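Reading through the structure tokens given below for one structure.
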Amino acid sequence: MLKGKRAFDIAKLSSEVQLVWERIPDELTGLSPKEITRSWSGKFFFKEENLDDEILGLRRPQLGALHAISAHFATDREVDPATVVLPTGTGKTETMLAAMVYQKCDKILVIVPSDSLRTQIAGKFLNLGYLPELGVVPGGINLPAVAVVKSGIRTTEDADKLANSANVIVATTSVLSAGKPEAVDRLCEHCSHLFVDEAHHISAKSWLEVLERFRGKKVLQFTATPFRNDKKALGGRVIFNYTMGEAQRAGYFTHVDLLPVEEYYEDRTDTEIAAVAVERLREDLAQGLDHLMMARTSSKSKAEALLSVYEGIAADLKPVVVHSTYGKPEIRRRLEGLLARKSKIVICVDMLGEGYDLPNLKVAALHDHHKSLAVTLQFIGRFTRVSHKERLGKASVVMNVADPDVEGELQNLYSQGADWDSVLRRLSENRIEREVRLQEVVDSLKQQGDLHKQISLWNLEPSYTATLFRTSCENWEPERFVEKLPKFDEYWHAISSDENLLVVLAIQSAPVKWGSYKDLRDTNFKLLIAHWDKERNALFVFSNDYKTFRVEALAEAIALGQCELISGDQVFNVFNGIEYPLARNLGTAQEGAISFTQYFGPNVTEGLSLIESERSSLSNIAALGYESGNRVVWGCSQRKGKVWSPQKRGSIADWCAWAKKAWDKVISAQPAEHNFTKNFLRPERMRAPHKSYPLSVQLGEQLLTAFEDKVDVFFGEVSVPLFAVDVETDGREQDGSVRISIRCDAETSIYKLVIDDEATTKGYDYELVDGPEVAIQKGDSDAVSLPEYMVSDPFTIHYADSAFSYNAQIVHVRESVGLYRKDDIVPFDWQGTDIRVESMGYGQNDRSIQWRYFMHICNEYDLIINDDGSGEAADLVALKMLDDGMLLTLVHLKYSNDDEPGARLKDLYEVCGQAQRSVRWKHLNLNYLYHHIRRREEQWRPRGYSRFLKGGIKDLAAFRDRSRTTPLKFHIEIVQPGLSIKKVNEEGLKLLGSTALYIKKTTMAELSVIGSQ
């Protein structure tokens, strides 16, 4: 039975219509599968395509892959699964067919991820695809017998019958999993080779079950994207990697035009994308190009909604929807309409199936971005395929570059103005390069040892911690680790001479401690990684149990006795340059009955005091602080020579890179002076309210780093998103308790922080003074009352004397706070301004302080936003591009409490607190600020107003995108027309000086103060 490659009118059948076998004629099926395979001997020709001379043949990457496959299988030793990386559109399927014929594969099990690809790939094997047409096999070659498995195999007899009648068996993993295990085992026993198409799915559990059945046999994995975003490895060695850049330069891909839609409001996005995509399709059709269009979305309901959108603007192009609800017959009918050009637009959920091959698809409309880089690259690859048989133009991709949900590796891909060809190529190659680098490390670890036979070295993810040794040996001998290895139940190792790496995995068991049982034992796995860096004369050792491995003795052995532990004060160099270091935990050692004490949280104060009095010595410490204007966490143990970054982990290759950086940090400076901990901040228990004036209250650590639209604040029954809520100090009660105001536009609640050991066991309490009770809800979790929430994520209150407190703990900042230079206060002419009116409001009151200052800075910045109101980042948010980066300026304004400027501290307290509180925006990336402004703009927009005074949300998005690769400089301004330069006193200058110092040390930013003459 024959069928057309494309739908056609049977009445118009001619020699021009291309036909393929649907079912092989009976007379050709007389040969057994073995006889068919033997008949291929000498029937394959290595013939290279040359389009200039009109010579058909295999493409260069296909030939390269074939040679790599031949080399990999040339030995008789057991080989690892082999992975061939060929970008979408370079001829991956024909490479599989060519490998089958040239290698004379006896019996192949072909695994594919979907039903549609199963049908497609089976058809390719059935007629050998384009191989006869290309002249690499004779036209009369015996075609393979192909069997397609569509339901679970129930008996071993069925498996025998199936295997004995076919050269190629095509199945999905789901179908194999539906069969009886013993039947599937029998089928796999018959097969000599396993081919896996779209191999990036191989790490799924069902795929791994198939791979296990082919241990010791020849396994070939084919993919365009040899990585998964879930970090699971393919489990095979990349033997051939043809990059996307090479494919583009060779002309196997058409150029890709990015047609960006910049729509920042969700209700308009789909219409804008559809309009641009249809316009491009009509332009292509008008040029005589036989192009089709695919609109991609992520859900069936969205696909149906899009059908109405496309029918509204392109009914003549007969858009159709394809998703699983319709069933296979209806889907086939709709796709045949696409092939016959009755329809020119197809709307699908995700893709039309892995491997769907239709070069005429040249316009892609992405209505929902793929969150996986692998899937995105694969999707776009569908549209870059070239055809030498018909005239096709370049591919076009339409997407909303303003989508705020696009993150991570997709950011560069979707950033407007990017060279789409370059970005697409770079992202694919960089990710593959990282995988190849890890593969190099993993492969090299198979040189010696048997660890790789026990576990996947790809999946090792050591935390970022290491013990550091200085070495003087010319070479190391990692094999000598066995001399100092403790007694384990069992152990395995891997050694790489190329990478100077040693990995040891051991099992240690012991009787359970919670009872006397003969057969019950606790079993623990112990891991050790050692990396010798000859250039640095350094040895780095990681272990999840340094004590058990006796790391120092083991290091001595493998470094031939020529190593020295980096210990003592030099290890504390990891804290050099850190401002406001706050110890999270520490350990001290001293002489006497109690030789070691560990301190956590508020108790670190006691440990630091003992160290300073020289009654104890510091053993280990972990601290949070600010380095070069960024928040960092470092830890170290001076006795053990160990350093760590507790928030990080990565692959073996990543750990090696981190260990080198840690070494450079420790070695680069002289050891810190004795008792360096005197500069560490320390919490102390408050027995009474702090006497200094409370300037500001900062959200807790967890709320600070959460997207504000993912957190709701309840005022009684009223729910308000966090971005619309302001938390600030509201002075003090008569007993000194700090009043905390939590407010939105419609509600205000006042709590007071009571400090009293006798009144509560905690020593503190949050008592509601006025307004409805407040609760915090994060995501889909239950709302938690404010007092209860404060236990785990307390507010931080900053005081005028630079101290700060949380709950009943206070931290005094011991530093000399200088006076802010009076000459640095900038005088401003406030003529025509009511200095007692702060905000411009919706109506942009031109007599307000905010409006007057906006007009003053209007020409200095590219973008200015009025963020005034509850939950503000600042009264004015301003951004501009610089030659060497970009500048973010936060302007905090405050009205005067009197008609005349003076020296009133009340005029400064709140605005200084706002300035200190706003340092959070330096430590959060601009994407957080974008979310914040966008949500607040959406609240104003329905009322007919905008927060944008200069520029618009598109400009803010452009700054956000550029900030991913452009250095961000930070600046804070305080504007208080009630501050008189002539009258300001020492107390006011000290308050400004304290604020300036805090901003400088935590962000490296300068503070500007604007007042009156």
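Chain identifiers are assigned as A, B, and so on, following the order in which chains appear in the structure tokens; residues are numbered from 1 within each chain, and ligands are numbered from 1 in order of appearance.
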
Residues near Ala199 in chain A, cut-off 7 Å, only C-alpha atoms, skip fewer than 3 positions along chain, as a CSV table (one decimal) with all heavy atoms, in the first residue's frame:
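Written out: selection.csv:
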chain,number,residue,atom,x,y,z
A,196,VAL,N,17.5,5.4,21.5
A,196,VAL,CA,16.6,6.3,22.3
A,196,VAL,C,16.5,7.6,21.6
A,196,VAL,O,17.6,8.3,21.4
A,196,VAL,CB,17.1,6.5,23.7
A,196,VAL,CG1,16.1,7.3,24.5
A,196,VAL,CG2,17.3,5.1,24.4
A,202,ILE,N,15.4,10.6,29.2
A,202,ILE,CA,15.9,9.3,29.6
A,202,ILE,C,16.0,9.1,31.1
A,202,ILE,O,16.0,8.0,31.6
A,202,ILE,CB,17.4,9.0,29.0
A,202,ILE,CG1,17.7,7.5,29.1
A,202,ILE,CG2,18.4,9.9,29.7
A,202,ILE,CD1,16.9,6.6,28.3
A,221,GLN,N,21.9,7.1,22.3
A,221,GLN,CA,20.9,8.1,22.6
A,221,GLN,C,21.1,9.3,21.7
A,221,GLN,O,22.2,9.8,21.5
A,221,GLN,CB,21.1,8.5,24.1
A,221,GLN,CG,21.1,7.3,25.0
A,221,GLN,CD,21.4,7.7,26.5
A,221,GLN,OE1,20.9,7.1,27.4
A,221,GLN,NE2,22.3,8.7,26.7
A,222,PHE,N,20.0,9.7,21.1
A,222,PHE,CA,20.0,10.8,20.2
A,222,PHE,C,19.2,12.0,20.8
A,222,PHE,O,18.1,11.8,21.2
A,222,PHE,CB,19.4,10.4,18.8
A,222,PHE,CG,20.2,9.4,18.1
A,222,PHE,CD1,20.0,8.0,18.4
A,222,PHE,CD2,21.2,9.7,17.2
A,222,PHE,CE1,20.8,7.1,17.7
A,222,PHE,CE2,21.9,8.8,16.5
A,222,PHE,CZ,21.7,7.4,16.8
A,223,THR,N,19.7,13.2,20.7
A,223,THR,CA,19.0,14.3,21.3
A,223,THR,C,19.6,15.6,20.7
A,223,THR,O,20.7,15.6,20.2
A,223,THR,CB,19.2,14.3,22.8
A,223,THR,OG1,18.4,15.4,23.3
A,223,THR,CG2,20.6,14.5,23.2

Skipping near chain neighbours, those fewer than 3 positions away, what residues fall within 12 Å of Glu986 in chain A using only C-alpha atoms, listed as a count of residues only? 17

Which of range 776-842 of chain A fall in strand (DSSP E), as a PyMOL selection string: chain A and resi 776-778+784-785+796-799+804-806+809-811+825-827

Could you write out that same residue set with C-alpha atoms as a tab-separated table (two decimals), in the first residue's frame?
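Final output, selection-v1.tsv:
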chain	number	residue	atom	x	y	z
A	776	ILE	CA	0.29	37.36	57.58
A	777	GLN	CA	-0.40	34.85	54.82
A	778	LYS	CA	2.39	33.55	52.56
A	784	VAL	CA	-0.79	33.56	60.98
A	785	SER	CA	-1.48	36.26	63.57
A	796	THR	CA	13.98	44.67	62.93
A	797	ILE	CA	13.78	48.09	64.60
A	798	HIS	CA	16.56	50.62	63.92
A	799	TYR	CA	17.30	53.35	66.46
A	804	PHE	CA	18.88	47.67	66.11
A	805	SER	CA	16.65	45.13	67.81
A	806	TYR	CA	14.42	42.16	67.04
A	809	GLN	CA	17.21	41.14	71.50
A	810	ILE	CA	19.18	44.32	70.84
A	811	VAL	CA	22.42	44.73	68.90
A	825	ILE	CA	23.75	69.54	53.06
A	826	VAL	CA	22.53	70.99	49.76
A	827	PRO	CA	20.46	74.20	50.09

Go through range 839-928 of chain A and collect every residue that DSSP, computed from the backbone, puts in helix (DSSP H, G or I); the answer should be as a PyMOL selection string. chain A and resi 849-860+906-917+920-923+926-928

Could the residues in this selection be written to a file with N, CA and C atoms, as a PDB file, in the first residue's frame?
ATOM      1  N   ILE A 849       6.054  69.415  47.965  1.00  0.00           N
ATOM      2  CA  ILE A 849       7.501  69.161  47.984  1.00  0.00           C
ATOM      3  C   ILE A 849       7.868  68.134  46.921  1.00  0.00           C
ATOM      4  N   GLN A 850       7.047  67.106  46.804  1.00  0.00           N
ATOM      5  CA  GLN A 850       7.344  66.027  45.857  1.00  0.00           C
ATOM      6  C   GLN A 850       7.351  66.539  44.422  1.00  0.00           C
ATOM      7  N   TRP A 851       6.366  67.321  44.053  1.00  0.00           N
ATOM      8  CA  TRP A 851       6.322  67.860  42.693  1.00  0.00           C
ATOM      9  C   TRP A 851       7.492  68.794  42.438  1.00  0.00           C
ATOM     10  N   ARG A 852       7.788  69.660  43.394  1.00  0.00           N
ATOM     11  CA  ARG A 852       8.885  70.632  43.217  1.00  0.00           C
ATOM     12  C   ARG A 852      10.211  69.915  43.006  1.00  0.00           C
ATOM     13  N   TYR A 853      10.440  68.853  43.784  1.00  0.00           N
ATOM     14  CA  TYR A 853      11.730  68.158  43.651  1.00  0.00           C
ATOM     15  C   TYR A 853      11.759  67.305  42.382  1.00  0.00           C
ATOM     16  N   PHE A 854      10.616  66.756  41.996  1.00  0.00           N
ATOM     17  CA  PHE A 854      10.564  66.020  40.722  1.00  0.00           C
ATOM     18  C   PHE A 854      10.950  66.937  39.566  1.00  0.00           C
ATOM     19  N   MET A 855      10.416  68.152  39.543  1.00  0.00           N
ATOM     20  CA  MET A 855      10.744  69.081  38.469  1.00  0.00           C
ATOM     21  C   MET A 855      12.239  69.421  38.476  1.00  0.00           C
ATOM     22  N   HIS A 856      12.833  69.436  39.666  1.00  0.00           N
ATOM     23  CA  HIS A 856      14.261  69.742  39.782  1.00  0.00           C
ATOM     24  C   HIS A 856      15.134  68.642  39.172  1.00  0.00           C
ATOM     25  N   ILE A 857      14.739  67.372  39.356  1.00  0.00           N
ATOM     26  CA  ILE A 857      15.589  66.257  38.877  1.00  0.00           C
ATOM     27  C   ILE A 857      15.118  65.688  37.547  1.00  0.00           C
ATOM     28  N   CYS A 858      14.056  66.249  36.994  1.00  0.00           N
ATOM     29  CA  CYS A 858      13.418  65.662  35.810  1.00  0.00           C
ATOM     30  C   CYS A 858      14.398  65.421  34.666  1.00  0.00           C
ATOM     31  N   ASN A 859      15.273  66.364  34.412  1.00  0.00           N
ATOM     32  CA  ASN A 859      16.190  66.250  33.278  1.00  0.00           C
ATOM     33  C   ASN A 859      17.432  65.423  33.590  1.00  0.00           C
ATOM     34  N   GLU A 860      17.602  65.028  34.851  1.00  0.00           N
ATOM     35  CA  GLU A 860      18.794  64.274  35.251  1.00  0.00           C
ATOM     36  C   GLU A 860      18.618  62.769  35.056  1.00  0.00           C
ATOM     37  N   LYS A 906      12.344  65.978  65.037  1.00  0.00           N
ATOM     38  CA  LYS A 906      11.141  65.311  64.563  1.00  0.00           C
ATOM     39  C   LYS A 906      11.046  65.341  63.049  1.00  0.00           C
ATOM     40  N   ASP A 907      11.604  66.396  62.435  1.00  0.00           N
ATOM     41  CA  ASP A 907      11.601  66.481  60.976  1.00  0.00           C
ATOM     42  C   ASP A 907      12.531  65.454  60.336  1.00  0.00           C
ATOM     43  N   LEU A 908      13.480  64.928  61.112  1.00  0.00           N
ATOM     44  CA  LEU A 908      14.491  64.018  60.555  1.00  0.00           C
ATOM     45  C   LEU A 908      14.259  62.553  60.899  1.00  0.00           C
ATOM     46  N   TYR A 909      13.654  62.294  62.059  1.00  0.00           N
ATOM     47  CA  TYR A 909      13.538  60.914  62.520  1.00  0.00           C
ATOM     48  C   TYR A 909      12.926  59.994  61.460  1.00  0.00           C
ATOM     49  N   GLU A 910      11.744  60.340  60.973  1.00  0.00           N
ATOM     50  CA  GLU A 910      11.041  59.436  60.071  1.00  0.00           C
ATOM     51  C   GLU A 910      11.738  59.306  58.723  1.00  0.00           C
ATOM     52  N   VAL A 911      12.223  60.421  58.168  1.00  0.00           N
ATOM     53  CA  VAL A 911      12.840  60.358  56.854  1.00  0.00           C
ATOM     54  C   VAL A 911      14.176  59.618  56.904  1.00  0.00           C
ATOM     55  N   CYS A 912      14.922  59.743  58.027  1.00  0.00           N
ATOM     56  CA  CYS A 912      16.162  58.962  58.174  1.00  0.00           C
ATOM     57  C   CYS A 912      15.843  57.474  58.297  1.00  0.00           C
ATOM     58  N   GLY A 913      14.755  57.156  59.008  1.00  0.00           N
ATOM     59  CA  GLY A 913      14.342  55.760  59.106  1.00  0.00           C
ATOM     60  C   GLY A 913      13.958  55.177  57.769  1.00  0.00           C
ATOM     61  N   GLN A 914      13.242  55.961  56.954  1.00  0.00           N
ATOM     62  CA  GLN A 914      12.869  55.491  55.620  1.00  0.00           C
ATOM     63  C   GLN A 914      14.109  55.239  54.764  1.00  0.00           C
ATOM     64  N   ALA A 915      15.094  56.129  54.899  1.00  0.00           N
ATOM     65  CA  ALA A 915      16.321  55.973  54.111  1.00  0.00           C
ATOM     66  C   ALA A 915      17.054  54.698  54.501  1.00  0.00           C
ATOM     67  N   GLN A 916      17.164  54.426  55.804  1.00  0.00           N
ATOM     68  CA  GLN A 916      17.848  53.217  56.251  1.00  0.00           C
ATOM     69  C   GLN A 916      17.087  51.965  55.804  1.00  0.00           C
ATOM     70  N   ARG A 917      15.773  52.030  55.886  1.00  0.00           N
ATOM     71  CA  ARG A 917      14.960  50.870  55.542  1.00  0.00           C
ATOM     72  C   ARG A 917      15.058  50.528  54.059  1.00  0.00           C
ATOM     73  N   ARG A 920      17.178  47.734  51.453  1.00  0.00           N
ATOM     74  CA  ARG A 920      16.759  46.414  50.970  1.00  0.00           C
ATOM     75  C   ARG A 920      16.719  46.360  49.456  1.00  0.00           C
ATOM     76  N   TRP A 921      16.413  47.498  48.795  1.00  0.00           N
ATOM     77  CA  TRP A 921      16.255  47.488  47.344  1.00  0.00           C
ATOM     78  C   TRP A 921      17.594  47.353  46.630  1.00  0.00           C
ATOM     79  N   LYS A 922      18.683  47.602  47.335  1.00  0.00           N
ATOM     80  CA  LYS A 922      20.009  47.341  46.761  1.00  0.00           C
ATOM     81  C   LYS A 922      20.296  45.845  46.766  1.00  0.00           C
ATOM     82  N   HIS A 923      19.852  45.146  47.798  1.00  0.00           N
ATOM     83  CA  HIS A 923      20.181  43.727  47.945  1.00  0.00           C
ATOM     84  C   HIS A 923      19.198  42.827  47.199  1.00  0.00           C
ATOM     85  N   LEU A 926      16.658  44.158  40.478  1.00  0.00           N
ATOM     86  CA  LEU A 926      15.668  45.079  39.925  1.00  0.00           C
ATOM     87  C   LEU A 926      14.369  44.378  39.542  1.00  0.00           C
ATOM     88  N   ASN A 927      14.400  43.062  39.426  1.00  0.00           N
ATOM     89  CA  ASN A 927      13.163  42.358  39.119  1.00  0.00           C
ATOM     90  C   ASN A 927      12.153  42.513  40.264  1.00  0.00           C
ATOM     91  N   TYR A 928      12.656  42.538  41.519  1.00  0.00           N
ATOM     92  CA  TYR A 928      11.768  42.762  42.659  1.00  0.00           C
ATOM     93  C   TYR A 928      11.146  44.160  42.570  1.00  0.00           C
TER      94      TYR A 928
END

Atomic separation - CA of Ala68 in chain A relative to CA of Ile239 in chain A, Å: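 Answer for the CA of Ile239 in chain A to CA of Ala68 in chain A separation: 6.2 Å.
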
Among the residues A:Leu753, A:Arg847, A:Gly629, A:Val184, the one that comes closest to Glu1006 in chain A [using only C-alpha atoms]: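 For Glu1006 in chain A, the nearest of the candidates is A:Gly629.
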
In terms of the shortest atom-to-atom distance over only C-alpha atoms, which of A:Thr155, A:Asn845, A:Asn360, A:Thr95 is closest to Leu338 in chain A? A:Asn360

With only C-alpha atoms as the basis for distance, which of A:Pro181, A:Gly236, A:Ala163, A:Met96 is at the shortest distance from Asp197 in chain A?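 When distances to Asp197 in chain A are compared using only C-alpha atoms, the smallest one comes from A:Met96.
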
Please, what distance in Å, to one decimal, runs between CA of Thr465 in chain A and CA of Leu565 in chain A?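 Those two atoms sit 15.0 Å apart.
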
Residue contacts of Lys640 in chain A (12 Å, only C-alpha atoms) excluding same-chain residues fewer than 5 positions away, as number ranges by chain: A: 465-469, 541, 546-547, 550-552, 564-572, 618-621

Selected residues written out, N, CA, C and O atoms, as a compact mmCIF listing (two decimals), in the first residue's frame:
# COMPACT_ATOMS: atom_id res chain seq x y z
N THR A 465 31.87 23.37 51.15
CA THR A 465 32.69 23.36 52.35
C THR A 465 33.97 22.60 52.03
O THR A 465 33.95 21.67 51.20
N ALA A 466 35.07 22.99 52.64
CA ALA A 466 36.35 22.33 52.35
C ALA A 466 37.34 22.58 53.48
O ALA A 466 37.32 23.64 54.13
N THR A 467 38.18 21.58 53.72
CA THR A 467 39.35 21.74 54.57
C THR A 467 40.53 22.04 53.65
O THR A 467 40.71 21.39 52.62
N LEU A 468 41.34 23.03 54.03
CA LEU A 468 42.39 23.54 53.15
C LEU A 468 43.78 23.12 53.65
O LEU A 468 44.09 23.25 54.84
N PHE A 469 44.60 22.64 52.72
CA PHE A 469 45.97 22.25 53.03
C PHE A 469 46.92 22.92 52.05
O PHE A 469 46.63 23.01 50.85
N VAL A 541 39.78 19.34 50.57
CA VAL A 541 39.11 18.09 50.92
C VAL A 541 37.71 18.39 51.44
O VAL A 541 37.52 19.23 52.32
N TYR A 546 34.12 14.58 58.37
CA TYR A 546 35.56 14.79 58.41
C TYR A 546 36.23 13.93 59.49
O TYR A 546 37.34 13.42 59.31
N LYS A 547 35.55 13.79 60.62
CA LYS A 547 36.14 13.06 61.75
C LYS A 547 36.34 11.59 61.43
O LYS A 547 37.42 11.03 61.67
N ARG A 550 39.20 10.86 59.20
CA ARG A 550 40.52 11.31 59.68
C ARG A 550 41.25 12.05 58.57
O ARG A 550 42.31 11.65 58.07
N VAL A 551 40.65 13.17 58.18
CA VAL A 551 41.04 13.89 56.97
C VAL A 551 42.51 14.30 56.98
O VAL A 551 43.19 14.20 55.96
N GLU A 552 43.02 14.76 58.12
CA GLU A 552 44.42 15.22 58.15
C GLU A 552 45.39 14.08 57.85
O GLU A 552 46.35 14.26 57.08
N GLU A 564 50.43 20.82 54.80
CA GLU A 564 50.25 21.51 56.07
C GLU A 564 48.82 22.07 56.13
O GLU A 564 48.37 22.73 55.19
N LEU A 565 48.11 21.79 57.22
CA LEU A 565 46.76 22.31 57.38
C LEU A 565 46.78 23.82 57.54
O LEU A 565 47.57 24.36 58.32
N ILE A 566 45.97 24.51 56.77
CA ILE A 566 45.81 25.96 56.96
C ILE A 566 44.89 26.15 58.17
O ILE A 566 43.70 25.90 58.11
N SER A 567 45.47 26.58 59.28
CA SER A 567 44.70 26.71 60.51
C SER A 567 45.10 27.99 61.22
O SER A 567 45.92 28.77 60.73
N GLY A 568 44.50 28.20 62.37
CA GLY A 568 44.82 29.40 63.13
C GLY A 568 44.12 30.63 62.57
O GLY A 568 43.15 30.53 61.81
N ASP A 569 44.64 31.78 62.93
CA ASP A 569 43.96 33.03 62.59
C ASP A 569 43.83 33.28 61.10
O ASP A 569 42.95 34.02 60.67
N GLN A 570 44.71 32.68 60.29
CA GLN A 570 44.65 32.94 58.85
C GLN A 570 43.30 32.54 58.25
O GLN A 570 42.81 33.17 57.31
N VAL A 571 42.68 31.52 58.82
CA VAL A 571 41.40 31.06 58.30
C VAL A 571 40.35 32.16 58.41
O VAL A 571 39.43 32.26 57.57
N PHE A 572 40.49 33.02 59.41
CA PHE A 572 39.51 34.09 59.60
C PHE A 572 39.59 35.17 58.52
O PHE A 572 38.80 36.10 58.52
N LEU A 618 38.52 31.37 70.10
CA LEU A 618 37.51 31.11 69.09
C LEU A 618 37.88 29.86 68.30
O LEU A 618 38.99 29.74 67.79
N SER A 619 36.93 28.93 68.19
CA SER A 619 37.16 27.70 67.45
C SER A 619 36.51 27.75 66.08
O SER A 619 37.15 27.47 65.07
N ASN A 620 35.23 28.10 66.03
CA ASN A 620 34.53 28.17 64.74
C ASN A 620 33.48 29.26 64.82
O ASN A 620 32.99 29.62 65.90
N ILE A 621 33.13 29.81 63.66
CA ILE A 621 32.16 30.89 63.63
C ILE A 621 31.52 30.96 62.25
O ILE A 621 32.16 30.67 61.24

Counting only C-alpha atoms, which residue out of A:Glu479, A:Glu35, A:Glu246, A:Glu311 sits closest to Cys105 in chain A?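 Looking only at the distances to Cys105 in chain A, the closest residue turns out to be A:Glu35.
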
Could you list, as a short mmCIF file (atom, residue, chain, number, x, y, z; two decimals) with N, CA and C atoms, in the first residue's frame, every residue within 7 Å of range 897-900 of chain A, counting only C-alpha atoms and ignoring same-chain residues fewer than 4 positions away?
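The resulting file, part-v6.cif, is reproduced below:
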data_model
loop_
_atom_site.label_atom_id
_atom_site.label_comp_id
_atom_site.auth_asym_id
_atom_site.auth_seq_id
_atom_site.Cartn_x
_atom_site.Cartn_y
_atom_site.Cartn_z
N ILE A 835 6.00 73.99 52.15
CA ILE A 835 6.90 72.99 52.73
C ILE A 835 6.20 72.10 53.76
N ARG A 836 4.92 72.37 54.01
CA ARG A 836 4.15 71.51 54.91
C ARG A 836 3.27 70.53 54.14
N ASP A 907 11.60 66.40 62.44
CA ASP A 907 11.60 66.48 60.98
C ASP A 907 12.53 65.45 60.34
N GLY A 978 12.23 71.37 55.93
CA GLY A 978 12.19 71.87 57.30
C GLY A 978 13.54 71.86 57.98
#

Using only C-alpha atoms, find the one residue out of A:Phe525, A:Phe723, A:Tyr764, A:Phe481 that sits nearest to Asp745 in chain A. A:Phe723

My list of candidates is A:Thr833, A:Ser781, A:Gln702, A:Thr471. Which is closest to Ala557 in chain A when distances are computed with only C-alpha atoms?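 Smallest distance to Ala557 in chain A is found for A:Thr471.
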
Excluding Leu888 in chain A and residues on its chain fewer than 6 positions from it, collect all residues at most 9 Å away from it, counting only C-alpha atoms, and give them as a list in words.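 After dropping sequence-adjacent residues, the list is Val877, Ala878, Leu879, Lys880, Lys922, Leu968, Lys969, Phe970, His971 and Ile972 of chain A.
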
Can you pull out every residue within 9 Å of Ser509 in chain A, counting only C-alpha atoms, but drop anything in the same chain fewer than 6 positions away, and send it as a VMD selection string? chain A and resid 488 to 489 521 to 525

Find the distance between CA of Leu520 in chain A and CA of Asp545 in chain A and write it in Å to one decimal.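 Interatomic distance here is 22.3 Å.
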
With only C-alpha atoms as the counted atoms, please give the residues lying no more than 12 Å from Met100 in chain A, apart from itself and same-chain residues fewer than 6 positions off, as a PyMOL selection string. chain A and resi 36-38+40-41+43-44+66+69-70+93-94+106-110+125+128+131+137+143-144+167-168+192-195+218+220
